[in-house]
Each structure stands twice: as C-alpha cells, then as structure tokens.
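Presented below is the structure to which this report refers.
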Amino acid sequence: MVIRHADFDPQAGHRNILDFFNDKPVGPHTRSFLCYSKQGINVPSEYLSPVFKKFPLLRVLHANTMKISKFPKELLEFIHLRYLSLAGGDNFKVLPENIGKLWNLQTLVITTSSRTFEIKADISTMERLRHLKTKGAIILTKDKKSAPNKNLQTLSRLSTSSCNDEVLSKAPNIKVLGIHGELDTLLNNVNLQKLACLTKLKLIYYGRVTDAMSKLPEPIFFPLNMKMLSLSATKLDWCNMRILSKLHTLEVLKLKYHAFKGEKWDDNGDGFHRLHSLQIEQSDLVTWSISESSFPSLGSLVLKNCEKLNVIPVGLAKTLHTLEIERATKSGVHSAYNIKNEKEKNPEKQSIAGGKFKLIIAPGDLKYVLITLHTLFTKMMF
C-alpha cells in the first residue's frame with residue numbers, strides 16, 4: 001500500500017510524534033504531512049533527522065504545532081516542497097541562506113515567539129515563492145542585486161528597517177503586505193503607491209523610543225488600489241480618521257489593539273464612501289457620533305473589547321446588515337437592540353442592507369440582553 005497523505009493528531013491517542021510513526025508507518029511516496037494539536041509539541045532537533053528521512057517526496061509539510069529551535073537542515077533536501085509551515089520559540093529566529101535550494105516552494109509560513117526573524121536568503125531568487133508569512137518582523141540581509149520576483153504576492157510581516165523602495169521593487173506584483181516596527185520611519189523610506197497590485201496593507205506599531213505612532217501619513221502615502229487596511233497598536237488620535245476617510249478605494253478597515261486612542265470620535269460624514277466593513281478591537285472609545293451622511297455603504301460592524309463605548313450610533317441602521325459585539329457595556333448592548341428594532345420597524349432598510357439584519361452578541365454579554373429585553377417588554381406593556 002502506498003500512503004500519499006499522513007496526519008498526526010494527539011486527539012487520536014498518539015502521545016508524541018515518534019509514537020505516531022510507530023503506530024502508522026509511512027512510505028517513501030508520501031506527499032503531505034499535517035500535524036495538528038491544540039498545544040505546541042516540543043520536538044528536540046535530534047528527533048527530526050530520522051523522522052523527515054521517511055518523507056523524501058513531501059510536497060506539503062504543515063508542522064506549525066511542532067516547536068523547533070532552529071530550521072532543520074534536513075528539510076533542505078526536500079526539493080519537491082510546495083508548502084512549508086514551521087513554528088518555534090524565542091530561539092527560532094533565522095532562516096538560512098540555502099533555503100533557496102527549495103526551488104519549488106510556493107508558500108512559507110513561520111510562526112515564532114521571537115519579535116524579529118532574519119532571512120539570510122535572497123527571496124527574490126526563489127522564483128516560485130508566492131506567499132511568505134511570519135509572526136516575527138522580517139529582517140532581510142543586504143540585497144544581492146537580483147532580478148525582481150514577479151510571483152511574490154504576500155509578504156508579512158516585514159520590519160520597518162527592511163522596508164524600503166529597493167526591497168519592494170523586488171516584489172512588483174505584491175498584493176498583501178504587512179509591516180511591523182516604528183512606522184514613522186516609513187514616511188521617508190517607502191512609496192507604496194508604486195505597488196499597483198497592493199490591495200491589503202497591515203501596519204503594526206512597535207517602537208523602542210515611543211509607544212505610539214505620532215500621526216498617519218497623508219493619503220498620497222497609501223497604495224492607490226488598497227481595499228483593506230489593518231492598524232494595530234498605533235495608538236493614534238481619532239482626528240487621524242479624517243485621513244483614512246479620504247482613501248476612496250478602502251472597503252475594509254480593521255482597528256486592533258488600541259489602533260486609536262481617546263474617548264471621543266466625531267465623524268463628519270465626509271468620506272468612507274466605499275467602506276463596507278469596520279472592525280474595532282480593544283479600544284478606550286467612550287463617545288462615537290456620526291452625521292447623517294456618515295458611512296453610506298457600511299454593511300458590517302464588529303466591536304470587540306470596546307468596554308467603555310456608551311452607545312453604538314443608531315444612524316448606522318440605514319445600511320448595516322450585520323452587527324457583532326463582544327465584551328460591551330450594558331448601554332452598548334441596549335443600543336445594539338435599538339439598531340435591530342430600527343431595522344425591523346423600517347422594512348425598506350432591510351432591502352437596502354441586502355438581506356435580513358443579523359445581530360451577534362457574545363455569550364459573555366448575554367446578561368445584558370435579558371436586562372434589555374425586560375426593559376423593552378416593560379415599555380411595550382405600559
């Protein structure tokens with residue numbers, strides 16, 4: 001029997017990875033190996049060599065629950081690999097230069113506890129590489145003046161120290177870009193408008209001198225065709241939202257982990273014409289006010305850990321078709337039901353929103369739901 005697919009699952013009773021191989025031997029024709037576990041499995045380096053030698057023809061290796069301390073040199077012989085996913089702790093922080101031997105590799109995913117991840121290889125020479133994703137900020141070695149990699153579509157997360165026009169010119173068709181570090185330095189080092197294919201941009205702030213980004217760059221900084229923008233830990237003042245409102249192609253906006261700081265956000269309705277999805281997580285926002293012309297296309301709103309927000313603007317009811325809240329205030333839950341009632345009272349707004357309105361409330365906030373329903377029932381009775 002030829003086994004072309006093998007998976008390791010602790011839920012099936014395997015105590016560790018070596019246990020798995022003893023229970024279910026695999027042959028030289030295996031094409032994929034998938035390792036799943038709710039918790040990471042520490043795999044000493046001396047175990048890796050005999051394990052990987054059993055898979056000479058692997059094309060897919062998904063092992064991000066196998067925690068390693070360094071890149072296994074045995075993997076460099078797996079020239080058939082198309083997909084590779086690895087994980088490690090603080091010590092897993094370098095990708096060797098000879099990773100270029102994996103010339104068939106199309107997707108590389110690295111999960112590491114290290115804040116930075118150094119890539120010594122010249123990734124522009126890996127002509128088939130399409131997606132490169134890491135948890136640590138990517139630090140690239142000195143450029144080797146190679147030709148651009150026109151197939152590279154995803155590069156996340158790139159450190160601000162390695163993000164410049166010269167590096168990005170090596171990925172002219174990039175579609176998804178994540179940048180991590182002191183974002184203020186980007187203003188002088190990069191012109192994202194040159195990346196015509198870039199539609200998704202993620203900015204994560206980490207600073208050694210200050211713990212917040214001073215301001216957002218003007219709209220001319222952002223990609224011309226950007227549809228999705230995610231900001232995390234930037235701690236910007238809400239007045240910077242006026243800049244984002246001018247991004248005419250923006251459809252999805254995600255504000256995570258105190259992307260904006262401050263108790264008050266007033267939107268004057270001048271912008272966000274194409275924005276259809278807004279997500280705010282971990283915010284100290286207390287008061288959010290909008291005008292009649294605000295968010296004319298907003299269909300989905302997600303609010304998580306906005307534990308100070310008093311009221312969700314009822315004016316959003318005119319376009320919303322989905323509202324999701326988690327860890328909200330009592331008054332926030334009550335205002336969510338006000339929006340729901342507004343939708344039900346005006347059936348024409350249902351059709352404008354594209355279907356029946358959907359309100360999603362996290363289990364932890366259900367205690368407020370009962371109070372809200374009791375209040376509404378009392379008003380109806382009297």
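Just remember, in the structure tokens the first chain shown is A, the second B, etc., residues are 1-based per chain, and ligands are 1-based in the order shown.
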
Please build the interface table for range 146-234 of chain A against range 113-128 of chain A with a cut-off of 8 Å, listing for each qualifying residue the nearest atom pair and the distance in Å to one decimal; count only C-alpha atoms, order rows by chain and increasing number, and write it as CSV.
residue,atom,partner,partner_atom,distance
A:Ser146,CA,A:Thr125,CA,6.7
A:Ala147,CA,A:Ser124,CA,6.8
A:Pro148,CA,A:Ser124,CA,5.8
A:Asn149,CA,A:Ser124,CA,4.7
A:Lys150,CA,A:Glu127,CA,7.6
A:Asn151,CA,A:Arg128,CA,6.3
A:Leu152,CA,A:Arg128,CA,7.7
A:Ser159,CA,A:Thr116,CA,7.8
A:Lys170,CA,A:Ser124,CA,6.1
A:Ala171,CA,A:Ser124,CA,7.5

I need the residues from that last selection saved to file as a PDB file, in the first residue's frame (with all heavy atoms), if you can.
ATOM      1  N   SER A 146      19.563  41.027  -7.297  1.00  0.00           N
ATOM      2  CA  SER A 146      18.961  40.042  -8.190  1.00  0.00           C
ATOM      3  C   SER A 146      17.748  40.642  -8.892  1.00  0.00           C
ATOM      4  O   SER A 146      17.281  41.732  -8.566  1.00  0.00           O
ATOM      5  CB  SER A 146      18.552  38.795  -7.409  1.00  0.00           C
ATOM      6  OG  SER A 146      17.673  39.150  -6.362  1.00  0.00           O
ATOM      7  N   ALA A 147      17.216  39.890  -9.867  1.00  0.00           N
ATOM      8  CA  ALA A 147      16.038  40.349 -10.597  1.00  0.00           C
ATOM      9  C   ALA A 147      14.801  40.261  -9.708  1.00  0.00           C
ATOM     10  O   ALA A 147      14.765  39.487  -8.749  1.00  0.00           O
ATOM     11  CB  ALA A 147      15.854  39.495 -11.850  1.00  0.00           C
ATOM     12  N   PRO A 148      13.769  41.030 -10.007  1.00  0.00           N
ATOM     13  CA  PRO A 148      12.539  41.002  -9.193  1.00  0.00           C
ATOM     14  C   PRO A 148      11.853  39.645  -9.236  1.00  0.00           C
ATOM     15  O   PRO A 148      11.942  38.933 -10.235  1.00  0.00           O
ATOM     16  CB  PRO A 148      11.668  42.078  -9.853  1.00  0.00           C
ATOM     17  CG  PRO A 148      12.617  42.966 -10.570  1.00  0.00           C
ATOM     18  CD  PRO A 148      13.726  42.083 -11.037  1.00  0.00           C
ATOM     19  N   ASN A 149      11.185  39.299  -8.145  1.00  0.00           N
ATOM     20  CA  ASN A 149      10.351  38.096  -8.086  1.00  0.00           C
ATOM     21  C   ASN A 149       8.923  38.524  -8.414  1.00  0.00           C
ATOM     22  O   ASN A 149       8.211  39.046  -7.556  1.00  0.00           O
ATOM     23  CB  ASN A 149      10.421  37.454  -6.711  1.00  0.00           C
ATOM     24  CG  ASN A 149       9.595  36.177  -6.607  1.00  0.00           C
ATOM     25  OD1 ASN A 149       8.762  35.896  -7.470  1.00  0.00           O
ATOM     26  ND2 ASN A 149       9.830  35.402  -5.567  1.00  0.00           N
ATOM     27  N   LYS A 150       8.493  38.290  -9.634  1.00  0.00           N
ATOM     28  CA  LYS A 150       7.185  38.750 -10.083  1.00  0.00           C
ATOM     29  C   LYS A 150       6.046  37.875  -9.583  1.00  0.00           C
ATOM     30  O   LYS A 150       4.872  38.235  -9.738  1.00  0.00           O
ATOM     31  CB  LYS A 150       7.165  38.834 -11.609  1.00  0.00           C
ATOM     32  CG  LYS A 150       8.118  39.890 -12.163  1.00  0.00           C
ATOM     33  CD  LYS A 150       8.010  39.996 -13.674  1.00  0.00           C
ATOM     34  CE  LYS A 150       8.950  41.070 -14.198  1.00  0.00           C
ATOM     35  NZ  LYS A 150       8.847  41.223 -15.677  1.00  0.00           N
ATOM     36  N   ASN A 151       6.370  36.728  -8.972  1.00  0.00           N
ATOM     37  CA  ASN A 151       5.330  35.819  -8.468  1.00  0.00           C
ATOM     38  C   ASN A 151       4.969  36.089  -7.014  1.00  0.00           C
ATOM     39  O   ASN A 151       3.925  35.632  -6.538  1.00  0.00           O
ATOM     40  CB  ASN A 151       5.775  34.361  -8.613  1.00  0.00           C
ATOM     41  CG  ASN A 151       5.771  33.897 -10.054  1.00  0.00           C
ATOM     42  OD1 ASN A 151       4.875  34.250 -10.820  1.00  0.00           O
ATOM     43  ND2 ASN A 151       6.767  33.123 -10.436  1.00  0.00           N
ATOM     44  N   LEU A 152       5.807  36.812  -6.278  1.00  0.00           N
ATOM     45  CA  LEU A 152       5.566  37.044  -4.852  1.00  0.00           C
ATOM     46  C   LEU A 152       4.334  37.925  -4.664  1.00  0.00           C
ATOM     47  O   LEU A 152       4.278  39.047  -5.148  1.00  0.00           O
ATOM     48  CB  LEU A 152       6.785  37.689  -4.206  1.00  0.00           C
ATOM     49  CG  LEU A 152       6.777  37.752  -2.676  1.00  0.00           C
ATOM     50  CD1 LEU A 152       6.732  36.343  -2.076  1.00  0.00           C
ATOM     51  CD2 LEU A 152       8.006  38.503  -2.154  1.00  0.00           C
ATOM     52  N   SER A 159       9.824  44.008   8.599  1.00  0.00           N
ATOM     53  CA  SER A 159      10.255  45.013   9.569  1.00  0.00           C
ATOM     54  C   SER A 159      10.430  46.361   8.882  1.00  0.00           C
ATOM     55  O   SER A 159      10.752  46.430   7.685  1.00  0.00           O
ATOM     56  CB  SER A 159      11.567  44.592  10.233  1.00  0.00           C
ATOM     57  OG  SER A 159      12.623  44.623   9.293  1.00  0.00           O
ATOM     58  N   LYS A 170      11.647  44.542  -5.592  1.00  0.00           N
ATOM     59  CA  LYS A 170      11.883  43.133  -5.885  1.00  0.00           C
ATOM     60  C   LYS A 170      10.584  42.328  -5.878  1.00  0.00           C
ATOM     61  O   LYS A 170      10.576  41.147  -6.207  1.00  0.00           O
ATOM     62  CB  LYS A 170      12.856  42.530  -4.863  1.00  0.00           C
ATOM     63  CG  LYS A 170      14.205  43.214  -4.806  1.00  0.00           C
ATOM     64  CD  LYS A 170      14.944  43.081  -6.124  1.00  0.00           C
ATOM     65  CE  LYS A 170      16.317  43.724  -6.055  1.00  0.00           C
ATOM     66  NZ  LYS A 170      17.038  43.626  -7.343  1.00  0.00           N
ATOM     67  N   ALA A 171       9.483  42.963  -5.466  1.00  0.00           N
ATOM     68  CA  ALA A 171       8.171  42.298  -5.456  1.00  0.00           C
ATOM     69  C   ALA A 171       7.146  43.219  -6.099  1.00  0.00           C
ATOM     70  O   ALA A 171       6.220  43.706  -5.431  1.00  0.00           O
ATOM     71  CB  ALA A 171       7.767  41.946  -4.028  1.00  0.00           C
TER      72      ALA A 171
END

Quiz item: Could you name the residues that touch Leu253 in chain A at 6 Å or less, counting only C-alpha atoms, but leaving out those on the same chain fewer than 4 positions away, as a ChimeraX atom specification?
Solution: /A:228-230,278

Quiz item: By how many Å are CA of Lys254 in chain A and CA of Leu132 in chain A apart?
Solution: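 Atom-to-atom, CA of Lys254 in chain A to CA of Leu132 in chain A, that is 21.4 Å.
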
Quiz prompt | Separation of CA of Lys175 in chain A from CA of Gln153 in chain A, in Å and rounded to one decimal | solution = 5.0 Å

How would you write, as a short mmCIF file (atom, residue, chain, number, x, y, z; two decimals) with N, CA and C atoms, in the first residue's frame, the set of residues in range 127-216 of chain A that DSSP gives as helix (DSSP H, G or I)?
data_model
loop_
_atom_site.label_atom_id
_atom_site.label_comp_id
_atom_site.auth_asym_id
_atom_site.auth_seq_id
_atom_site.Cartn_x
_atom_site.Cartn_y
_atom_site.Cartn_z
N THR A 160 10.24 47.42 9.62
CA THR A 160 10.41 48.76 9.04
C THR A 160 11.86 48.99 8.61
N SER A 161 12.82 48.34 9.28
CA SER A 161 14.23 48.51 8.92
C SER A 161 14.54 47.91 7.55
N SER A 162 13.72 46.94 7.11
CA SER A 162 13.94 46.30 5.81
C SER A 162 12.94 46.75 4.76
N ASP A 165 12.08 51.25 -0.73
CA ASP A 165 11.72 51.15 -2.14
C ASP A 165 12.55 50.10 -2.87
N GLU A 166 13.81 49.95 -2.48
CA GLU A 166 14.68 48.97 -3.14
C GLU A 166 14.19 47.55 -2.90
N VAL A 167 13.81 47.26 -1.65
CA VAL A 167 13.31 45.92 -1.32
C VAL A 167 11.97 45.66 -2.00
N LEU A 168 11.06 46.62 -1.93
CA LEU A 168 9.74 46.42 -2.52
C LEU A 168 9.78 46.35 -4.04
N LEU A 183 6.72 52.75 12.72
CA LEU A 183 6.10 53.08 11.45
C LEU A 183 6.39 54.51 10.98
N ASP A 184 6.72 55.40 11.90
CA ASP A 184 7.01 56.78 11.50
C ASP A 184 8.17 56.85 10.51
N THR A 185 9.10 55.89 10.59
CA THR A 185 10.26 55.91 9.70
C THR A 185 9.89 55.59 8.26
N LEU A 186 8.71 55.02 8.04
CA LEU A 186 8.29 54.65 6.69
C LEU A 186 8.10 55.86 5.78
N LEU A 187 7.75 56.98 6.37
CA LEU A 187 7.41 58.17 5.58
C LEU A 187 8.55 58.58 4.67
N ASN A 188 9.78 58.33 5.12
CA ASN A 188 10.94 58.76 4.35
C ASN A 188 11.57 57.63 3.54
N ASN A 189 11.13 56.38 3.77
CA ASN A 189 11.81 55.24 3.18
C ASN A 189 11.05 54.52 2.07
N LEU A 192 4.50 53.49 -1.33
CA LEU A 192 3.65 52.34 -1.59
C LEU A 192 2.78 52.52 -2.82
N GLN A 193 2.66 53.74 -3.30
CA GLN A 193 1.83 53.96 -4.48
C GLN A 193 2.42 53.35 -5.75
N LYS A 194 3.69 52.98 -5.68
CA LYS A 194 4.32 52.31 -6.83
C LYS A 194 3.84 50.87 -6.98
#

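You will find CA of Ile138 in chain A at 9.1 Å from CA of Leu155 in chain A.
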
Practice problem: Run DSSP on the backbone of this structure and report the residues of range 112-268 of chain A it assigns to strand (DSSP E or B), as a ChimeraX atom specification. | Solution: /A:112,116-119,131-140,154-159,176-181,200-205,228-232,236-237,252-256,260-261,264-266

Quiz item: If you count only C-alpha atoms, which residues fall within 12 Å of Pro217 in chain A, apart from same-chain ones fewer than 2 positions away, as a PyMOL selection string?
Solution: chain A and resi 183-188+190-192+213-215+219-223+236+240-244+246-247

Quiz item: Excluding same-chain residues fewer than 4 positions from Leu105 in chain A, what lies within 9 Å of it counting only C-alpha atoms, as an MDAnalysis selection string?
Solution: chainID A and resid 59 79:84 100 126:130

Quiz prompt | Residue nearest Glu326 in chain A among A:Ser85, A:Ser297, A:Gln282, A:Thr287 (counting only C-alpha atoms) | solution =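 Result for the nearest residue to Glu326 in chain A: A:Gln282.
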
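Among the candidates A:Thr112, A:Ser300, A:Ser291, A:Thr249, the one nearest to Ser277 in chain A when counting only C-alpha atoms is A:Ser300.
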
Exercise. Considering only C-alpha atoms, state which residue in the set A:Leu255, A:Leu216, A:Val43, A:Cys239 is at the smallest distance from Lys202 in chain A.
Key: A:Leu255

Quiz prompt | Minimum-distance residue to Ala328 in chain A, chosen among A:Leu76, A:Leu86, A:Val252, A:Leu309 (using only C-alpha atoms) | solution =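 Checking each of A:Leu76, A:Leu86, A:Val252, A:Leu309 against Ala328 in chain A, counting only C-alpha atoms, the winner is A:Leu309.
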